>>> print(open('structure.txt').read())   # compact mmCIF, C-alpha atoms
# COMPACT_ATOMS: atom_id res chain seq x y z
CA MET A 1195 72.98 98.03 104.20
CA LYS A 1196 75.09 94.93 103.75
CA HIS A 1197 77.71 96.98 101.94
CA LEU A 1198 77.57 99.73 104.52
CA PHE A 1199 78.59 97.27 107.26
CA ALA A 1200 81.52 95.97 105.20
CA PHE A 1201 82.53 99.56 104.37
CA VAL A 1202 82.37 100.65 108.02
CA ALA A 1203 84.40 97.59 109.08
CA GLY A 1204 87.03 98.64 106.52
CA VAL A 1205 87.01 102.22 107.84
CA ILE A 1206 87.43 101.13 111.49
CA PHE A 1207 90.13 98.60 110.58
CA SER A 1208 92.13 101.16 108.66
CA LEU A 1209 91.68 103.74 111.44
CA GLY A 1210 93.10 101.17 113.87
CA LEU A 1211 96.12 100.65 111.63
CA ILE A 1212 96.76 104.41 111.44
CA VAL A 1213 96.20 105.19 115.15
CA SER A 1214 98.33 102.25 116.32
CA GLY A 1215 101.31 103.08 114.11
CA MET A 1216 101.07 99.77 112.22
CA ILE A 1217 100.81 101.86 109.07
CA ASN A 1218 104.45 102.97 109.43
CA PRO A 1219 106.85 100.31 108.03
CA ALA A 1220 109.79 101.77 110.00
CA LYS A 1221 107.86 101.25 113.24
CA VAL A 1222 106.93 97.68 112.21
CA ILE A 1223 110.60 96.92 111.55
CA GLY A 1224 111.40 98.39 114.99
CA PHE A 1225 108.90 95.94 116.47
CA LEU A 1226 110.40 93.01 114.53
CA ASP A 1227 113.93 94.05 115.58
CA LEU A 1228 113.79 91.86 118.67
CA PHE A 1229 117.58 91.59 118.89
CA GLY A 1230 118.21 95.27 118.19
CA ALA A 1231 116.53 98.47 119.40
CA TRP A 1232 113.24 96.66 120.05
CA ASP A 1233 110.09 98.81 120.01
CA ALA A 1234 107.61 96.60 121.85
CA SER A 1235 104.62 98.91 121.43
CA LEU A 1236 103.13 97.13 118.42
CA ALA A 1237 102.69 93.97 120.50
CA PHE A 1238 99.80 95.89 122.07
CA VAL A 1239 98.12 96.16 118.67
CA MET A 1240 97.81 92.40 118.34
CA GLY A 1241 97.07 92.15 122.07
CA GLY A 1242 94.27 94.73 121.93
CA ALA A 1243 92.81 93.28 118.74
CA VAL A 1244 92.80 89.68 119.99
CA LEU A 1245 91.30 90.80 123.31
CA VAL A 1246 88.31 92.22 121.42
CA THR A 1247 87.96 89.32 118.96
CA PHE A 1248 88.32 86.74 121.75
CA PHE A 1249 85.29 88.10 123.61
CA GLY A 1250 83.53 89.50 120.55
CA PHE A 1251 83.50 86.21 118.62
CA ARG A 1252 82.20 84.42 121.74
CA PHE A 1253 79.32 86.86 121.80
CA VAL A 1254 78.62 86.81 118.05
CA LEU A 1255 79.05 83.15 117.07
CA PRO A 1256 76.42 81.69 119.45
CA ARG A 1257 73.82 83.85 117.67
CA GLY A 1258 73.73 81.07 115.08
CA ARG A 1259 73.95 83.18 111.95
CA PRO A 1260 75.32 86.55 110.85
CA LEU A 1261 73.05 89.49 110.06
CA PHE A 1262 73.16 89.24 106.26
CA GLU A 1263 74.13 85.63 105.53
CA ALA A 1264 72.63 82.20 106.19
CA GLN A 1265 75.70 81.02 108.06
CA PHE A 1266 79.13 81.94 109.43
CA SER A 1267 82.03 81.15 107.07
CA LEU A 1268 84.68 79.83 109.41
CA PRO A 1269 87.74 77.83 108.37
CA THR A 1270 87.43 74.27 109.65
CA ARG A 1271 90.77 72.76 108.60
CA GLN A 1272 93.11 71.69 111.38
CA ASP A 1273 95.88 69.97 109.38
CA ILE A 1274 99.34 71.49 109.14
CA ASP A 1275 100.43 71.05 105.52
CA MET A 1276 103.33 72.16 103.36
CA PRO A 1277 101.59 75.16 101.69
CA LEU A 1278 100.68 76.61 105.11
CA VAL A 1279 104.26 76.40 106.37
CA LEU A 1280 105.90 77.49 103.11
CA GLY A 1281 103.42 80.33 102.68
CA ALA A 1282 104.04 81.62 106.21
CA VAL A 1283 107.81 81.50 105.63
CA LEU A 1284 107.57 83.47 102.35
CA PHE A 1285 105.18 85.99 103.91
CA GLY A 1286 107.45 86.47 106.94
CA LEU A 1287 110.43 87.03 104.66
CA GLY A 1288 108.61 89.69 102.63
CA TRP A 1289 107.18 91.34 105.76
CA GLY A 1290 110.61 91.54 107.40
CA LEU A 1291 112.30 92.95 104.29
CA VAL A 1292 110.28 96.19 104.13
CA GLY A 1293 107.88 96.13 107.11
CA LEU A 1294 104.67 95.94 105.07
CA CYS A 1295 101.91 93.36 105.39
CA PRO A 1296 98.69 93.47 103.32
CA GLY A 1297 96.50 95.60 105.65
CA PRO A 1298 98.91 98.50 106.24
CA ALA A 1299 100.01 98.33 102.57
CA LEU A 1300 96.44 98.81 101.31
CA THR A 1301 95.85 101.72 103.70
CA GLY A 1302 99.29 103.24 103.21
CA ILE A 1303 99.08 103.21 99.41
CA VAL A 1304 96.71 106.18 99.67
CA LEU A 1305 99.30 108.16 101.65
CA ALA A 1306 102.53 107.04 99.92
CA PRO A 1307 101.34 105.93 96.47
CA ALA A 1308 104.74 105.75 94.77
CA SER A 1309 106.70 103.46 97.08
CA ILE A 1310 103.83 101.46 98.56
CA GLY A 1311 102.20 101.34 95.11
CA LEU A 1312 105.15 99.30 93.84
CA PHE A 1313 104.83 96.91 96.76
CA VAL A 1314 101.06 96.53 96.29
CA GLY A 1315 101.42 96.02 92.52
CA ALA A 1316 103.95 93.24 93.10
CA MET A 1317 101.77 91.79 95.89
CA LEU A 1318 98.73 91.62 93.58
CA ILE A 1319 100.80 89.91 90.87
CA GLY A 1320 102.11 87.44 93.45
CA MET A 1321 98.58 86.76 94.69
CA ALA A 1322 97.24 86.24 91.16
CA LEU A 1323 100.12 83.87 90.30
CA ALA A 1324 99.64 81.89 93.51
CA ARG A 1325 95.88 81.63 92.90
CA ARG A 1326 96.50 80.27 89.42
CA PHE A 1327 99.42 77.96 90.12
CA GLY A 1328 99.52 77.59 93.91
CA GLY A 1329 97.43 74.41 93.93
CA LYS A 1330 100.38 72.49 92.49
CA ILE A 1331 102.58 72.86 95.56
CA MET B 626 103.97 105.43 127.12
CA HIS B 627 102.08 107.44 124.53
CA ASP B 628 103.00 104.90 121.82
CA TYR B 629 101.74 102.03 123.94
CA LEU B 630 98.41 103.73 124.55
CA LEU B 631 97.91 104.49 120.85
CA ALA B 632 98.94 100.94 119.92
CA THR B 633 96.36 99.55 122.36
CA ILE B 634 93.58 101.86 121.13
CA GLY B 635 94.43 101.02 117.51
CA GLY B 636 94.46 97.32 118.34
CA LEU B 637 91.04 97.56 120.02
CA LEU B 638 89.67 99.29 116.89
CA ILE B 639 91.07 96.53 114.67
CA GLY B 640 89.36 93.97 116.90
CA VAL B 641 86.05 95.88 116.72
CA ALA B 642 86.27 95.86 112.90
CA ALA B 643 86.83 92.08 112.88
CA VAL B 644 83.88 91.46 115.22
CA LEU B 645 81.66 93.78 113.16
CA LEU B 646 82.47 91.86 109.97
CA MET B 647 81.82 88.53 111.70
CA TYR B 648 78.53 89.83 113.14
CA SER B 649 77.26 91.24 109.85
CA HIS B 650 78.74 88.99 107.14
CA GLY B 651 79.98 85.98 109.09
CA LYS B 652 83.38 86.36 107.45
CA VAL B 653 86.92 86.29 108.77
CA MET B 654 88.53 89.72 108.43
CA GLY B 655 91.62 88.51 106.60
CA VAL B 656 92.95 91.22 104.33
CA SER B 657 95.03 88.95 102.10
CA GLY B 658 91.99 86.75 101.44
CA ILE B 659 89.70 89.73 100.92
CA VAL B 660 92.02 91.16 98.26
CA SER B 661 93.21 87.97 96.59
CA ARG B 662 89.69 86.62 96.09
CA LEU B 663 88.88 89.72 94.05
CA LEU B 664 91.57 88.65 91.58
CA PRO B 665 90.85 86.09 88.85
CA PRO B 666 89.51 83.47 89.24
CA THR B 667 87.24 85.86 91.17
CA ASP B 668 85.14 84.45 94.00
CA LYS B 669 81.40 84.86 93.29
CA ASP B 670 80.99 86.51 96.69
CA TRP B 671 83.14 89.51 95.78
CA SER B 672 81.08 92.65 96.37
CA TRP B 673 81.36 92.93 100.18
CA ARG B 674 85.12 92.55 99.77
CA LEU B 675 85.23 95.56 97.49
CA SER B 676 83.12 97.58 99.97
CA PHE B 677 85.54 96.67 102.77
CA LEU B 678 88.57 97.75 100.71
CA ILE B 679 86.92 101.03 99.72
CA GLY B 680 86.35 101.64 103.44
CA MET B 681 90.03 100.94 104.09
CA GLY B 682 91.03 103.47 101.46
CA ALA B 683 88.53 106.10 102.64
CA THR B 684 90.00 106.42 106.15
CA PRO B 685 93.41 107.84 105.18
CA LEU B 686 91.64 110.31 102.86
CA LEU B 687 89.39 111.45 105.72
CA PHE B 688 92.47 111.65 107.92
CA LEU B 689 94.20 113.91 105.40
CA ALA B 690 91.09 116.08 105.12
CA PHE B 691 90.49 116.58 108.85
CA ALA B 692 93.68 115.84 110.79
CA SER B 693 96.34 118.50 111.20
CA THR B 694 99.18 116.07 110.52
CA ALA B 695 99.40 113.21 108.04
CA PRO B 696 100.18 109.77 109.51
CA GLN B 697 103.91 109.10 109.45
CA ILE B 698 105.08 106.59 106.85
CA GLU B 699 108.79 105.78 106.49
CA VAL B 700 109.44 103.07 103.94
CA THR B 701 112.45 102.01 101.90
CA SER B 702 112.86 103.67 98.51
CA ASN B 703 114.75 100.63 97.17
CA ILE B 704 112.63 99.67 94.16
CA SER B 705 113.83 96.08 93.80
CA LEU B 706 113.38 95.45 97.54
CA LEU B 707 109.79 96.77 97.40
CA ILE B 708 108.98 94.55 94.42
CA ILE B 709 110.62 91.41 95.83
CA ALA B 710 108.91 91.90 99.21
CA GLY B 711 105.55 92.52 97.52
CA LEU B 712 105.83 89.32 95.48
CA LEU B 713 106.83 87.30 98.57
CA VAL B 714 103.93 88.70 100.62
CA GLY B 715 101.46 88.09 97.77
CA VAL B 716 102.51 84.50 97.05
CA GLY B 717 103.06 83.65 100.73
CA THR B 718 99.70 84.88 102.02
CA VAL B 719 97.75 83.08 99.29
CA ILE B 720 99.40 79.68 99.64
CA GLY B 721 99.57 80.07 103.44
CA ASN B 722 95.88 81.10 103.55
CA GLY B 723 96.28 84.33 105.48
CA CYS B 724 98.26 87.19 106.92
CA THR B 725 98.48 89.15 110.17
CA SER B 726 94.76 89.99 110.24
CA GLY B 727 93.29 86.62 109.21
CA HIS B 728 95.62 84.22 111.01
CA GLY B 729 96.55 86.62 113.82
CA VAL B 730 93.57 88.81 114.77
CA CYS B 731 90.86 86.30 113.77
CA GLY B 732 92.57 82.89 114.00
CA LEU B 733 94.36 83.17 117.36
CA PRO B 734 91.21 83.91 119.46
CA ARG B 735 89.53 80.87 117.86
CA PHE B 736 92.53 78.74 118.88
CA SER B 737 92.84 77.62 115.25
CA LYS B 738 95.82 75.26 115.07
CA ARG B 739 96.69 76.33 111.53
CA SER B 740 96.55 80.04 112.44
CA ILE B 741 98.69 79.59 115.56
CA ILE B 742 101.36 77.70 113.57
CA ALA B 743 101.24 80.21 110.68
CA THR B 744 101.47 83.23 113.02
CA VAL B 745 104.43 81.77 114.94
CA ILE B 746 106.23 81.00 111.65
CA PHE B 747 105.67 84.33 109.87
CA MET B 748 106.49 86.36 113.00
CA GLY B 749 109.61 84.26 113.59
CA VAL B 750 110.80 84.51 109.99
CA ALA B 751 110.11 88.27 109.93
CA VAL B 752 112.17 88.77 113.13
CA LEU B 753 114.97 86.67 111.66
CA THR B 754 114.84 88.60 108.38
CA VAL B 755 115.16 91.96 110.17
CA PHE B 756 118.05 90.56 112.23
CA LEU B 757 119.95 89.18 109.21
CA LYS B 758 119.31 92.33 107.18
CA SER B 759 120.70 94.55 109.95
CA LYS B 760 123.80 92.32 110.16
CA MET B 761 124.33 92.45 106.40
CA VAL B 762 123.88 96.21 106.21
CA GLY B 763 126.24 96.57 109.17
CA ALA B 764 128.88 94.47 107.43
CA LEU B 765 128.82 96.52 104.24
>>> encode(input="structure.txt", output="structure tokens")
Amino acid sequence: MKHLFAFVAGVIFSLGLIVSGMINPAKVIGFLDLFGAWDASLAFVMGGAVLVTFFGFRFVLPRGRPLFEAQFSLPTRQDIDMPLVLGAVLFGLGWGLVGLCPGPALTGIVLAPASIGLFVGAMLIGMALARRFGGKI
Amino acid sequence: MHDYLLATIGGLLIGVAAVLLMYSHGKVMGVSGIVSRLLPPTDKDWSWRLSFLIGMGATPLLFLAFASTAPQIEVTSNISLLIIAGLLVGVGTVIGNGCTSGHGVCGLPRFSKRSIIATVIFMGVAVLTVFLKSKMVGAL
């Protein structure tokens, strides 16, 4: 049952990425092209998602504990440190270069395995390297 | 207007997925964290992450099986660009503790200071990158 909920969350998330157009890197680049032919539609993806999480989390969190775990696992850190800033800069650079972030890449790999497969392979290597050596930054 | 409606519906679905994962597992739906913690050194709490990713992969397959048209994907065919961007996204999301889903969809509604700063930075840098890339391509 526990796995079914995680699976269904993955299905709904991925469906949202496909329906919204987030899955298409060209559309994402159009959204990021603020100073060019700006396609503002994807702002409504983040807007719609945050609208639901804003109210949804306020309904769920006061329940005290999640369905299958003893407690909620929420990040508690509030400090702005160098890895956070540097990481966000590197991520933004990679995102802007081809229009892929991790969610759409992992859904899109099923539909365009050759090109997005290369991106995902490199992403996994980058993640593994950062997990091993990232603590030294 | 069609695009805006679909974007909103898709966004609402993404939000529902994040709330469902918080309700059931108490976890932040951050894709970069979900994937990277499956890599060595693997987090002991790995199995729900795998179930989530299998769900993510199942949807496009169902879409192909039942929808009349495949979702449109236009991506660069430049191999070195794909690899460089993949490495940057992989390293950046791990050391920055999140991507669009974790910091954006789940962090912003919690008013997390770290998520707000991270989201502003990666969106800003991505916009700047697209701008500079269009200028460079235009100059060639």
>>> atom_distance(input="structure.txt", atom1="atom CA of Gly721 of chain B", atom2="atom CA of Phe1313 of chain A")
18.9 Å
>>> residues_around(input="structure.txt", residues="segment 695-705 of chain B", least_positions_apart="6", cutoff="8 Å", atoms="only C-alpha atoms", output="short mmCIF file (atom, residue, chain, number, x, y, z; two decimals) with C-alpha atoms, in the coordinates of the input")
data_model
loop_
_atom_site.label_atom_id
_atom_site.label_comp_id
_atom_site.auth_asym_id
_atom_site.auth_seq_id
_atom_site.Cartn_x
_atom_site.Cartn_y
_atom_site.Cartn_z
CA ILE A 1212 96.76 104.41 111.44
CA ILE A 1217 100.81 101.86 109.07
CA ASN A 1218 104.45 102.97 109.43
CA PRO A 1219 106.85 100.31 108.03
CA ALA A 1220 109.79 101.77 110.00
CA VAL A 1292 110.28 96.19 104.13
CA GLY A 1293 107.88 96.13 107.11
CA GLY A 1302 99.29 103.24 103.21
CA LEU A 1305 99.30 108.16 101.65
CA ALA A 1306 102.53 107.04 99.92
CA SER A 1309 106.70 103.46 97.08
CA ILE A 1310 103.83 101.46 98.56
CA LEU A 1312 105.15 99.30 93.84
CA PHE B 688 92.47 111.65 107.92
CA LEU B 689 94.20 113.91 105.40
#
>>> closest_residue(input="structure.txt", among="A:Leu1284, A:Leu1318, A:Ala1237, A:Leu1228", to="Leu1300 of chain A", atoms="all atoms listed in the file")
A:Leu1318
>>> residues_near_point(input="structure.txt", point="(103.4, 87.4, 100.8)", cutoff="10 Å", atoms="all atoms listed in the file", output="ChimeraX atom specification")
/A:1281-1289,1294-1296,1316-1318,1320-1321,1324 /B:657,709-721,723-724,747
>>> atom_distance(input="structure.txt", atom1="atom CA of Gly727 of chain B", atom2="atom CA of Trp1232 of chain A")
24.8 Å
>>> atom_distance(input="structure.txt", atom1="atom CA of Lys758 of chain B", atom2="atom CA of Gly1328 of chain A")
28.0 Å
>>> closest_residue(input="structure.txt", among="B:Asp670, B:Met761, B:Thr684, B:Ile741", to="chain A", atoms="all atoms listed in the file")
B:Thr684
>>> residues_around(input="structure.txt", residues="Leu675 of chain B", least_positions_apart="3", cutoff="9 Å", atoms="only C-alpha atoms", output="mmCIF file with C-alpha atoms, keeping the file's coordinate frame")
data_model
loop_
_atom_site.group_PDB
_atom_site.id
_atom_site.type_symbol
_atom_site.label_atom_id
_atom_site.label_comp_id
_atom_site.auth_asym_id
_atom_site.auth_seq_id
_atom_site.Cartn_x
_atom_site.Cartn_y
_atom_site.Cartn_z
ATOM 1 C CA HIS A 1197 77.710 96.980 101.940
ATOM 2 C CA ALA A 1200 81.520 95.970 105.200
ATOM 3 C CA PHE A 1201 82.530 99.560 104.370
ATOM 4 C CA ILE B 659 89.700 89.730 100.920
ATOM 5 C CA VAL B 660 92.020 91.160 98.260
ATOM 6 C CA LEU B 663 88.880 89.720 94.050
ATOM 7 C CA TRP B 671 83.140 89.510 95.780
ATOM 8 C CA SER B 672 81.080 92.650 96.370
ATOM 9 C CA LEU B 678 88.570 97.750 100.710
ATOM 10 C CA ILE B 679 86.920 101.030 99.720
ATOM 11 C CA GLY B 680 86.350 101.640 103.440
#
>>> residues_around(input="structure.txt", residues="Met681 of chain B", least_positions_apart="6", cutoff="6 Å", atoms="all atoms listed in the file", output="list in words")
Gly1204, Val1205, Ser1208 and Thr1301 of chain A
>>> closest_residue(input="structure.txt", among="B:Pro734, B:Pro665, B:Pro685, B:Gly729", to="Val1246 of chain A", atoms="all atoms listed in the file")
B:Pro734
>>> closest_residue(input="structure.txt", among="B:Ile639, B:Ala692, B:Met654, B:Leu687", to="chain A", atoms="only C-alpha atoms")
B:Ile639
>>> closest_residue(input="structure.txt", among="A:Pro1269, A:Gly1230, A:Gly1315, A:Gly1210", to="chain B", atoms="all atoms listed in the file")
A:Gly1210
>>> closest_residue(input="structure.txt", among="B:Gly749, B:Gly655, B:Gly636, B:Gly732", to="chain A", atoms="all atoms listed in the file")
B:Gly636
>>> residues_around(input="structure.txt", residues="Gln1272 of chain A", least_positions_apart="6", cutoff="10 Å", atoms="all atoms listed in the file", output="list in words")
Ser737, Lys738, Arg739 and Ser740 of chain B
